[in-house]
$ cat entry_19.pdb   # PDB, C-alpha atoms
ATOM      1  CA  MET G   1      52.370 108.122 102.535
ATOM      2  CA  GLN G   2      49.475 110.273 101.355
ATOM      3  CA  LYS G   3      49.710 112.345  98.178
ATOM      4  CA  ASP G   4      49.553 115.589 100.188
ATOM      5  CA  ALA G   5      52.252 114.529 102.686
ATOM      6  CA  ARG G   6      55.156 116.908 103.227
ATOM      7  CA  VAL G   7      58.132 115.067 101.698
ATOM      8  CA  PHE G   8      61.702 116.373 101.952
ATOM      9  CA  VAL G   9      64.193 115.202  99.321
ATOM     10  CA  ALA G  10      67.692 115.963 100.609
ATOM     11  CA  GLY G  11      70.078 116.284  97.672
ATOM     12  CA  HIS G  12      67.434 117.113  95.059
ATOM     13  CA  ARG G  13      69.974 118.422  92.554
ATOM     14  CA  GLY G  14      71.999 115.213  92.475
ATOM     15  CA  LEU G  15      71.541 112.159  90.289
ATOM     16  CA  VAL G  16      69.428 110.247  92.831
ATOM     17  CA  GLY G  17      67.612 113.162  94.422
ATOM     18  CA  SER G  18      66.470 114.601  91.101
ATOM     19  CA  ALA G  19      65.162 111.189  90.051
ATOM     20  CA  ILE G  20      63.200 110.854  93.305
ATOM     21  CA  CYS G  21      61.713 114.314  92.724
ATOM     22  CA  ARG G  22      60.668 113.312  89.187
ATOM     23  CA  LYS G  23      59.056 110.156  90.536
ATOM     24  CA  LEU G  24      57.167 111.975  93.285
ATOM     25  CA  GLU G  25      55.903 114.585  90.818
ATOM     26  CA  ALA G  26      54.849 111.924  88.303
ATOM     27  CA  ASP G  27      52.951 110.058  91.031
ATOM     28  CA  GLY G  28      51.051 113.170  92.105
ATOM     29  CA  TYR G  29      52.768 114.157  95.363
ATOM     30  CA  SER G  30      51.912 117.817  95.823
ATOM     31  CA  ASP G  31      54.120 118.984  98.720
ATOM     32  CA  VAL G  32      57.719 118.074  97.922
ATOM     33  CA  LEU G  33      60.304 120.106  99.844
ATOM     34  CA  THR G  34      63.808 120.820  98.573
ATOM     35  CA  GLN G  35      66.706 122.925  99.802
ATOM     36  CA  SER G  36      69.736 124.147  97.887
ATOM     37  CA  ARG G  37      73.098 124.300  99.646
ATOM     38  CA  SER G  38      72.820 128.097  99.867
ATOM     39  CA  GLU G  39      69.459 127.727 101.618
ATOM     40  CA  THR G  40      70.470 124.966 104.041
ATOM     41  CA  ASP G  41      73.997 123.621 104.391
ATOM     42  CA  LEU G  42      73.423 119.992 105.379
ATOM     43  CA  THR G  43      76.900 119.800 106.954
ATOM     44  CA  ASP G  44      75.856 122.523 109.444
ATOM     45  CA  PRO G  45      73.826 121.055 112.343
ATOM     46  CA  ALA G  46      72.237 124.368 113.352
ATOM     47  CA  GLU G  47      71.003 125.086 109.825
ATOM     48  CA  VAL G  48      69.609 121.563 109.458
ATOM     49  CA  ARG G  49      67.784 121.704 112.800
ATOM     50  CA  GLN G  50      66.333 125.091 111.883
ATOM     51  CA  PHE G  51      65.054 123.827 108.533
ATOM     52  CA  PHE G  52      63.348 120.786 110.068
ATOM     53  CA  ALA G  53      61.807 122.877 112.847
ATOM     54  CA  GLN G  54      60.359 125.334 110.349
ATOM     55  CA  ALA G  55      59.417 123.026 107.441
ATOM     56  CA  GLN G  56      58.144 120.086 109.535
ATOM     57  CA  PRO G  57      58.476 117.408 106.833
ATOM     58  CA  GLU G  58      56.627 114.148 107.456
ATOM     59  CA  TYR G  59      58.837 111.940 105.268
ATOM     60  CA  VAL G  60      62.495 112.222 104.215
ATOM     61  CA  PHE G  61      64.538 110.739 101.382
ATOM     62  CA  LEU G  62      68.211 111.233 102.338
ATOM     63  CA  ALA G  63      69.897 111.241  98.931
ATOM     64  CA  ALA G  64      72.408 114.004  99.689
ATOM     65  CA  ALA G  65      76.026 112.839  99.652
ATOM     66  CA  LYS G  66      79.492 113.677  98.398
ATOM     67  CA  VAL G  67      80.118 111.115  95.673
ATOM     68  CA  GLY G  68      82.758 110.351  93.042
ATOM     69  CA  GLY G  69      84.721 107.662  91.258
ATOM     70  CA  ILE G  70      88.043 105.992  92.064
ATOM     71  CA  HIS G  71      90.174 109.066  91.322
ATOM     72  CA  ALA G  72      88.019 111.389  93.414
ATOM     73  CA  ASN G  73      87.913 108.997  96.378
ATOM     74  CA  ASN G  74      91.686 108.479  96.267
ATOM     75  CA  SER G  75      92.389 112.194  95.996
ATOM     76  CA  ALA G  76      90.142 113.508  98.783
ATOM     77  CA  PRO G  77      89.604 110.810 101.436
ATOM     78  CA  ALA G  78      89.097 113.312 104.267
ATOM     79  CA  ASP G  79      86.436 115.202 102.317
ATOM     80  CA  PHE G  80      84.498 112.034 101.508
ATOM     81  CA  LEU G  81      84.601 110.842 105.100
ATOM     82  CA  ARG G  82      83.895 114.172 106.828
ATOM     83  CA  ASP G  83      81.204 115.570 104.523
ATOM     84  CA  ASN G  84      79.147 112.379 104.365
ATOM     85  CA  LEU G  85      79.363 111.770 108.119
ATOM     86  CA  GLN G  86      78.222 115.326 108.804
ATOM     87  CA  ILE G  87      75.310 115.214 106.348
ATOM     88  CA  GLN G  88      74.024 111.898 107.668
ATOM     89  CA  LEU G  89      74.395 112.730 111.345
ATOM     90  CA  ASN G  90      72.681 116.098 110.969
ATOM     91  CA  VAL G  91      69.755 115.019 108.778
ATOM     92  CA  ILE G  92      68.904 111.764 110.575
ATOM     93  CA  ASP G  93      69.116 113.362 114.020
ATOM     94  CA  ALA G  94      67.098 116.430 113.025
ATOM     95  CA  ALA G  95      64.480 114.241 111.335
ATOM     96  CA  TYR G  96      64.029 112.207 114.512
ATOM     97  CA  ARG G  97      63.829 115.298 116.726
ATOM     98  CA  ALA G  98      61.298 116.970 114.401
ATOM     99  CA  GLY G  99      58.955 113.980 114.529
ATOM    100  CA  VAL G 100      59.451 112.753 110.941
ATOM    101  CA  LYS G 101      57.282 109.680 110.350
ATOM    102  CA  LYS G 102      59.789 107.807 108.177
ATOM    103  CA  LEU G 103      63.208 108.297 106.588
ATOM    104  CA  VAL G 104      64.865 106.474 103.690
ATOM    105  CA  PHE G 105      68.668 106.481 103.833
ATOM    106  CA  LEU G 106      70.598 105.758 100.630
ATOM    107  CA  GLY G 107      73.841 103.857 101.077
ATOM    108  CA  SER G 108      75.999 102.195  98.423
ATOM    109  CA  SER G 109      77.194  98.800  97.251
ATOM    110  CA  CYS G 110      80.738  99.830  98.242
ATOM    111  CA  ILE G 111      79.853  99.115 101.882
ATOM    112  CA  TYR G 112      80.585  95.432 101.240
ATOM    113  CA  PRO G 113      84.036  93.842 101.634
ATOM    114  CA  LYS G 114      86.374  93.933  98.637
ATOM    115  CA  HIS G 115      86.343  90.149  98.407
ATOM    116  CA  ALA G 116      82.772  89.532  99.516
ATOM    117  CA  PRO G 117      81.153  86.368  98.125
ATOM    118  CA  GLN G 118      79.313  87.021  94.876
ATOM    119  CA  PRO G 119      76.542  87.959  94.573
ATOM    120  CA  MET G 120      76.752  90.131  97.687
ATOM    121  CA  LYS G 121      74.066  89.499 100.272
ATOM    122  CA  GLU G 122      72.990  92.000 102.908
ATOM    123  CA  GLU G 123      74.493  89.847 105.644
ATOM    124  CA  HIS G 124      77.980  90.212 104.103
ATOM    125  CA  LEU G 125      78.234  93.706 105.613
ATOM    126  CA  LEU G 126      81.246  94.030 107.977
ATOM    127  CA  THR G 127      82.599  90.551 107.227
ATOM    128  CA  GLY G 128      85.925  91.626 105.682
ATOM    129  CA  PRO G 129      88.233  94.496 104.612
ATOM    130  CA  LEU G 130      86.863  97.195 102.311
ATOM    131  CA  GLU G 131      88.139  98.199  98.869
ATOM    132  CA  PRO G 132      90.989 100.671  99.668
ATOM    133  CA  THR G 133      90.143 103.066  96.825
ATOM    134  CA  ASN G 134      86.773 103.986  98.326
ATOM    135  CA  GLU G 135      86.944 102.894 101.958
ATOM    136  CA  TRP G 136      86.454 106.438 103.299
ATOM    137  CA  TYR G 137      83.121 106.817 101.519
ATOM    138  CA  ALA G 138      82.160 103.266 102.462
ATOM    139  CA  ILE G 139      82.909 103.829 106.150
ATOM    140  CA  ALA G 140      80.752 106.947 106.137
ATOM    141  CA  LYS G 141      77.872 105.044 104.551
ATOM    142  CA  ILE G 142      78.232 102.167 107.014
ATOM    143  CA  ALA G 143      78.037 104.733 109.808
ATOM    144  CA  GLY G 144      74.793 106.041 108.282
ATOM    145  CA  ILE G 145      73.323 102.531 108.273
ATOM    146  CA  LYS G 146      74.295 102.054 111.907
ATOM    147  CA  GLN G 147      72.895 105.446 112.859
ATOM    148  CA  CYS G 148      69.522 104.505 111.359
ATOM    149  CA  GLN G 149      69.574 101.184 113.202
ATOM    150  CA  ALA G 150      70.620 102.800 116.489
ATOM    151  CA  TYR G 151      67.899 105.463 116.298
ATOM    152  CA  ARG G 152      65.321 102.779 115.564
ATOM    153  CA  ARG G 153      66.451 100.650 118.509
ATOM    154  CA  GLN G 154      66.832 103.449 121.055
ATOM    155  CA  TYR G 155      64.168 105.928 119.951
ATOM    156  CA  GLY G 156      61.816 103.893 117.765
ATOM    157  CA  PHE G 157      62.626 106.148 114.796
ATOM    158  CA  ASN G 158      61.319 104.645 111.551
ATOM    159  CA  ALA G 159      64.385 104.747 109.291
ATOM    160  CA  ILE G 160      65.205 102.234 106.562
ATOM    161  CA  SER G 161      68.475 101.842 104.636
ATOM    162  CA  LEU G 162      68.714 100.953 100.948
ATOM    163  CA  MET G 163      71.952  99.938  99.200
ATOM    164  CA  PRO G 164      71.898 100.813  95.489
ATOM    165  CA  THR G 165      74.298  99.286  93.019
ATOM    166  CA  ASN G 166      76.186 101.466  90.489
ATOM    167  CA  LEU G 167      73.781 104.099  89.159
ATOM    168  CA  TYR G 168      73.523 106.077  85.932
ATOM    169  CA  GLY G 169      71.004 108.182  84.055
ATOM    170  CA  PRO G 170      69.855 111.767  83.393
ATOM    171  CA  GLY G 171      71.648 114.306  85.566
ATOM    172  CA  ASP G 172      74.780 112.214  86.028
ATOM    173  CA  ASN G 173      78.257 113.672  86.552
ATOM    174  CA  PHE G 174      80.297 113.433  83.341
ATOM    175  CA  ASP G 175      83.528 114.965  84.680
ATOM    176  CA  LEU G 176      86.432 112.750  83.611
ATOM    177  CA  GLN G 177      88.319 113.400  86.864
ATOM    178  CA  ASN G 178      85.670 112.552  89.441
ATOM    179  CA  SER G 179      82.784 110.747  87.765
ATOM    180  CA  HIS G 180      81.896 107.076  87.873
ATOM    181  CA  VAL G 181      82.843 104.688  85.108
ATOM    182  CA  LEU G 182      79.712 104.721  82.948
ATOM    183  CA  PRO G 183      79.253 108.504  82.486
ATOM    184  CA  ALA G 184      83.028 108.858  82.066
ATOM    185  CA  LEU G 185      82.946 106.326  79.229
ATOM    186  CA  ILE G 186      80.040 108.104  77.551
ATOM    187  CA  ARG G 187      81.957 111.372  77.549
ATOM    188  CA  LYS G 188      85.241 109.774  76.489
ATOM    189  CA  PHE G 189      83.736 107.981  73.501
ATOM    190  CA  HIS G 190      81.662 111.012  72.504
ATOM    191  CA  GLU G 191      84.627 113.379  72.544
ATOM    192  CA  ALA G 192      86.789 110.854  70.697
ATOM    193  CA  ARG G 193      84.139 110.469  68.005
ATOM    194  CA  GLU G 194      83.794 114.246  67.663
ATOM    195  CA  ALA G 195      87.587 114.674  67.434
ATOM    196  CA  GLY G 196      88.062 111.778  65.017
ATOM    197  CA  ASP G 197      90.444 109.995  67.389
ATOM    198  CA  ALA G 198      91.681 106.522  66.523
ATOM    199  CA  THR G 199      91.554 105.159  70.090
ATOM    200  CA  VAL G 200      89.911 105.620  73.463
ATOM    201  CA  THR G 201      91.843 104.728  76.621
ATOM    202  CA  VAL G 202      89.930 103.025  79.428
ATOM    203  CA  TRP G 203      91.283 102.838  82.975
ATOM    204  CA  GLY G 204      92.345  99.429  84.277
ATOM    205  CA  SER G 205      92.388  96.009  82.695
ATOM    206  CA  GLY G 206      88.743  95.836  81.635
ATOM    207  CA  THR G 207      88.227  92.627  83.609
ATOM    208  CA  PRO G 208      86.378  93.884  86.741
ATOM    209  CA  ARG G 209      82.666  93.197  86.661
ATOM    210  CA  ARG G 210      80.030  95.763  87.575
ATOM    211  CA  GLU G 211      76.262  95.948  87.869
ATOM    212  CA  PHE G 212      74.328  99.026  86.749
ATOM    213  CA  LEU G 213      70.866 100.340  87.614
ATOM    214  CA  HIS G 214      69.069 103.230  85.947
ATOM    215  CA  VAL G 215      68.446 105.969  88.498
ATOM    216  CA  ASP G 216      64.737 106.118  87.622
ATOM    217  CA  ASP G 217      64.457 102.471  88.642
ATOM    218  CA  LEU G 218      66.122 103.346  91.944
ATOM    219  CA  ALA G 219      63.665 106.202  92.498
ATOM    220  CA  ASP G 220      60.785 103.813  91.899
ATOM    221  CA  ALA G 221      62.271 101.354  94.412
ATOM    222  CA  CYS G 222      62.757 104.126  96.990
ATOM    223  CA  LEU G 223      59.118 105.144  96.840
ATOM    224  CA  TYR G 224      57.963 101.503  96.846
ATOM    225  CA  LEU G 225      60.017 100.656  99.940
ATOM    226  CA  MET G 226      59.035 103.870 101.703
ATOM    227  CA  GLN G 227      55.483 102.592 101.435
ATOM    228  CA  ASN G 228      56.062  98.865 101.898
ATOM    229  CA  TYR G 229      59.113  98.146 104.079
ATOM    230  CA  GLU G 230      59.581  98.411 107.846
ATOM    231  CA  SER G 231      62.810  96.976 109.250
ATOM    232  CA  GLU G 232      66.319  97.938 110.369
ATOM    233  CA  ASP G 233      67.759  95.334 107.961
ATOM    234  CA  ILE G 234      69.370  96.865 104.879
ATOM    235  CA  VAL G 235      67.997  96.107 101.399
ATOM    236  CA  ASN G 236      70.084  95.770  98.226
ATOM    237  CA  VAL G 237      68.657  97.585  95.193
ATOM    238  CA  GLY G 238      69.979  96.417  91.826
ATOM    239  CA  TRP G 239      69.496  94.187  88.805
ATOM    240  CA  GLY G 240      71.241  91.082  90.094
ATOM    241  CA  GLU G 241      73.159  90.920  86.769
ATOM    242  CA  ASP G 242      76.599  92.277  85.847
ATOM    243  CA  LEU G 243      79.060  92.627  82.970
ATOM    244  CA  SER G 244      82.783  93.313  82.599
ATOM    245  CA  ILE G 245      84.127  96.832  82.123
ATOM    246  CA  ALA G 246      85.336  95.674  78.690
ATOM    247  CA  GLU G 247      81.797  94.597  77.778
ATOM    248  CA  LEU G 248      80.436  97.892  79.083
ATOM    249  CA  ALA G 249      82.993  99.884  77.078
ATOM    250  CA  ALA G 250      82.049  97.991  73.918
ATOM    251  CA  MET G 251      78.373  98.746  74.512
ATOM    252  CA  VAL G 252      79.015 102.453  75.134
ATOM    253  CA  LYS G 253      81.235 102.590  72.041
ATOM    254  CA  ASP G 254      78.381 101.159  69.977
ATOM    255  CA  VAL G 255      75.715 103.460  71.452
ATOM    256  CA  VAL G 256      77.859 106.566  70.892
ATOM    257  CA  GLY G 257      78.945 105.466  67.412
ATOM    258  CA  PHE G 258      82.710 105.597  67.936
ATOM    259  CA  GLU G 259      84.519 103.576  65.253
ATOM    260  CA  GLY G 260      88.068 103.460  66.653
ATOM    261  CA  ASP G 261      89.768 101.031  69.014
ATOM    262  CA  ILE G 262      89.668 100.632  72.793
ATOM    263  CA  VAL G 263      92.987 100.644  74.693
ATOM    264  CA  TYR G 264      93.241  99.587  78.343
ATOM    265  CA  ASP G 265      95.636 101.335  80.751
ATOM    266  CA  ALA G 266      96.537  98.539  83.153
ATOM    267  CA  ASP G 267      98.629 100.941  85.255
ATOM    268  CA  LYS G 268      95.406 102.531  86.495
ATOM    269  CA  PRO G 269      93.517 100.876  89.398
ATOM    270  CA  ASP G 270      90.750  98.367  88.731
ATOM    271  CA  GLY G 271      88.998  98.760  92.059
ATOM    272  CA  THR G 272      86.969  95.866  93.461
ATOM    273  CA  PRO G 273      87.208  92.782  91.189
ATOM    274  CA  ARG G 274      83.445  92.250  91.187
ATOM    275  CA  LYS G 275      80.410  93.980  92.692
ATOM    276  CA  LEU G 276      77.216  92.050  92.043
ATOM    277  CA  MET G 277      74.197  92.462  94.299
ATOM    278  CA  ASP G 278      72.030  89.649  95.560
ATOM    279  CA  THR G 279      68.581  91.219  95.143
ATOM    280  CA  SER G 280      66.470  88.301  96.346
ATOM    281  CA  ARG G 281      65.298  90.213  99.447
ATOM    282  CA  LEU G 282      64.052  93.044  97.238
ATOM    283  CA  SER G 283      62.367  90.605  94.845
ATOM    284  CA  GLU G 284      60.610  88.926  97.754
ATOM    285  CA  LEU G 285      59.285  92.332  98.785
ATOM    286  CA  GLY G 286      57.619  92.577  95.369
ATOM    287  CA  TRP G 287      59.840  94.963  93.361
ATOM    288  CA  LYS G 288      61.961  94.471  90.238
ATOM    289  CA  PRO G 289      63.725  96.952  87.895
ATOM    290  CA  GLN G 290      62.314  97.700  84.449
ATOM    291  CA  ILE G 291      64.950  99.644  82.450
ATOM    292  CA  GLY G 292      67.513  97.427  80.688
ATOM    293  CA  LEU G 293      71.118  98.590  80.367
ATOM    294  CA  ARG G 294      71.139  99.098  76.591
ATOM    295  CA  GLU G 295      67.870 101.046  76.721
ATOM    296  CA  GLY G 296      69.107 103.094  79.664
ATOM    297  CA  LEU G 297      72.436 103.844  77.974
ATOM    298  CA  GLU G 298      70.718 105.105  74.855
ATOM    299  CA  GLU G 299      68.452 107.362  76.901
ATOM    300  CA  THR G 300      71.353 108.674  78.976
ATOM    301  CA  TYR G 301      73.416 109.466  75.890
ATOM    302  CA  ARG G 302      70.468 111.353  74.369
ATOM    303  CA  TRP G 303      70.198 113.341  77.594
ATOM    304  CA  PHE G 304      73.941 114.060  77.498
ATOM    305  CA  LEU G 305      73.677 115.363  73.927
ATOM    306  CA  GLU G 306      70.729 117.597  74.820
ATOM    307  CA  HIS G 307      72.420 119.066  77.913
ATOM    308  CA  GLN G 308      76.089 119.369  76.907
ATOM    309  CA  ASP G 309      76.249 123.075  77.704
ATOM    310  CA  ALA G 310      74.916 122.633  81.229
ATOM    311  CA  VAL G 311      75.942 119.073  82.046
ATOM    312  CA  ARG G 312      77.945 118.550  85.233
ATOM    313  CA  GLY G 313      81.596 118.135  84.302
TER     314      GLY G 313
END
$ encode --input "entry_19.pdb" --output "structure tokens"
Amino acid sequence: MQKDARVFVAGHRGLVGSAICRKLEADGYSDVLTQSRSETDLTDPAEVRQFFAQAQPEYVFLAAAKVGGIHANNSAPADFLRDNLQIQLNVIDAAYRAGVKKLVFLGSSCIYPKHAPQPMKEEHLLTGPLEPTNEWYAIAKIAGIKQCQAYRRQYGFNAISLMPTNLYGPGDNFDLQNSHVLPALIRKFHEAREAGDATVTVWGSGTPRREFLHVDDLADACLYLMQNYESEDIVNVGWGEDLSIAELAAMVKDVVGFEGDIVYDADKPDGTPRKLMDTSRLSELGWKPQIGLREGLEETYRWFLEHQDAVRG
């Protein structure tokens, strides 16, 4: 991918898309294309085809998606299934028809079975039932993987699929109703500290284990694999290390400076017991993450403090 290549980042305002744009700019790519929803509705096939026909991008990062945490997925299963299926179908098909040289599709670690062996290997896909609290999103993402594989097999379209672990970082969604666990904890502990509260309540038992990757590390991996990977086989992108939600909450509490107690609401769902990625395939390809969790948390909290008036949620 040359520095003057026309590169389309679908979903440039989201957590992942904005990080990919930052990475491309930092690395000197001079022709990065973006489209707001008002300019091109990615759920509308006619609008997507028109954009690709006019813009003629050479490379595509498909980071656009409807995303959310346990509450959001439980509350709007039809929206998560429909919107993500439409976005993926439209963008991948239009990219192929417009002669795009290569496309990177971003999936999710939730594609793996609820009780997949740990750490989760790429070959564990479709070997068991999904986690019920996010199966609609997971099914959509699995369909995106299969679409990329089918277009490669039938049409020779060069599409690769990357499966990130839980992400966080600048530009995250901090809404307590539909965000993921880490940004929700940052906001909860911050507001509790500001209000002088004695306790902070965390959903679930605190025992599930999760892995976290800074979104700037993901962006670096996306660009690296765009340049260095050619296969229909999916690739996990993560740290290969995890911690319990209780350990995460304690770390966020310390970073934010909250001095009260943590209370766990065991009546709320835990989700999948453990989601740890096996990242040996990625390591063998020559890439490893650089931003540790404590360092990334501190940076993300600074960003939250600097953008409270405009932050999502």
$ atom_distance --input "entry_19.pdb" --atom1 "atom CA of Gly17 of chain G" --atom2 "atom CA of Phe61 of chain G"
8.0 Å
$ closest_atom_pairs --input "entry_19.pdb" --of "segment 47-118 of chain G" --to "segment 192-206 of chain G" --cutoff "12 Å" --atoms "only C-alpha atoms" --output "tab-separated table"
residue	atom	partner	partner_atom	distance
G:Gly69	CA	G:Trp203	CA	11.6
G:Ile70	CA	G:Trp203	CA	10.2
G:His71	CA	G:Trp203	CA	10.5
$ closest_residue --input "entry_19.pdb" --among "G:Ser18, G:Thr165, G:Ile245, G:Leu285" --to "Met120 of chain G" --atoms "all atoms listed in the file"
G:Thr165
$ atom_distance --input "entry_19.pdb" --atom1 "atom CA of His307 of chain G" --atom2 "atom CA of Asp254 of chain G"
20.5 Å
$ residues_around --input "entry_19.pdb" --residues "Ser179 of chain G" --least-positions-apart "2" --cutoff "9 Å" --atoms "all atoms listed in the file" --output "ChimeraX atom specification"
/G:67-72,172-177,181-184,313
$ residues_around --input "entry_19.pdb" --residues "Gly171 of chain G" --least-positions-apart "5" --cutoff "10 Å" --atoms "all atoms listed in the file" --output "PDB file with C-alpha atoms, in the coordinates of the input"
ATOM      1  CA  ARG G  13      69.974 118.422  92.554  1.00  0.00           C
ATOM      2  CA  GLY G  14      71.999 115.213  92.475  1.00  0.00           C
ATOM      3  CA  LEU G  15      71.541 112.159  90.289  1.00  0.00           C
ATOM      4  CA  VAL G  16      69.428 110.247  92.831  1.00  0.00           C
ATOM      5  CA  GLY G  17      67.612 113.162  94.422  1.00  0.00           C
ATOM      6  CA  SER G  18      66.470 114.601  91.101  1.00  0.00           C
ATOM      7  CA  ALA G  19      65.162 111.189  90.051  1.00  0.00           C
ATOM      8  CA  VAL G 215      68.446 105.969  88.498  1.00  0.00           C
ATOM      9  CA  THR G 300      71.353 108.674  78.976  1.00  0.00           C
ATOM     10  CA  TRP G 303      70.198 113.341  77.594  1.00  0.00           C
ATOM     11  CA  PHE G 304      73.941 114.060  77.498  1.00  0.00           C
ATOM     12  CA  HIS G 307      72.420 119.066  77.913  1.00  0.00           C
ATOM     13  CA  ALA G 310      74.916 122.633  81.229  1.00  0.00           C
ATOM     14  CA  VAL G 311      75.942 119.073  82.046  1.00  0.00           C
ATOM     15  CA  ARG G 312      77.945 118.550  85.233  1.00  0.00           C
TER      16      ARG G 312
END
$ resolve_selection --input "entry_19.pdb" --expression "the PyMOL selection byres ((chain G and resi 230-234) around 8)" --output "list in words"
Glu122, Ile145, Cys148, Gln149, Arg152, Asn158, Ala159, Ile160, Ser161, Leu162, Met163, Asn228, Tyr229, Val235 and Asn236 of chain G
$ resolve_selection --input "entry_19.pdb" --expression "the PyMOL selection byres ((chain G and resi 118) around 10)" --output "PyMOL selection string"
chain G and resi 115-117+119-121+124+274-278
$ residues_around --input "entry_19.pdb" --residues "Gln88 of chain G" --least-positions-apart "5" --cutoff "12 Å" --atoms "all atoms listed in the file" --output "number ranges by chain"
G: 10-11, 42-45, 48, 61-66, 81-83, 93-95, 103-107, 140-148, 161
$ residues_around --input "entry_19.pdb" --residues "Gly286 of chain G" --least-positions-apart "4" --cutoff "12 Å" --atoms "all atoms listed in the file" --output "short mmCIF file (atom, residue, chain, number, x, y, z; two decimals) with C-alpha atoms, keeping the file's coordinate frame"
data_model
loop_
_atom_site.label_atom_id
_atom_site.label_comp_id
_atom_site.auth_asym_id
_atom_site.auth_seq_id
_atom_site.Cartn_x
_atom_site.Cartn_y
_atom_site.Cartn_z
CA ALA G 221 62.27 101.35 94.41
CA TYR G 224 57.96 101.50 96.85
CA LEU G 225 60.02 100.66 99.94
CA GLN G 227 55.48 102.59 101.44
CA ASN G 228 56.06 98.86 101.90
CA TYR G 229 59.11 98.15 104.08
CA THR G 279 68.58 91.22 95.14
CA SER G 280 66.47 88.30 96.35
CA ARG G 281 65.30 90.21 99.45
CA LEU G 282 64.05 93.04 97.24
#
$ resolve_selection --input "entry_19.pdb" --expression "the PyMOL selection byres ((chain G and resi 27) around 12)" --output "PyMOL selection string"
chain G and resi 1-4+20-26+28-32+219-220+223-224
$ atom_distance --input "entry_19.pdb" --atom1 "atom CA of Val100 of chain G" --atom2 "atom CA of Pro57 of chain G"
6.3 Å
$ residues_around --input "entry_19.pdb" --residues "Met251 of chain G" --least-positions-apart "2" --cutoff "10 Å" --atoms "all atoms listed in the file" --output "VMD selection string"
chain G and resid 186 245 to 249 253 to 257 293 to 294 297 to 298
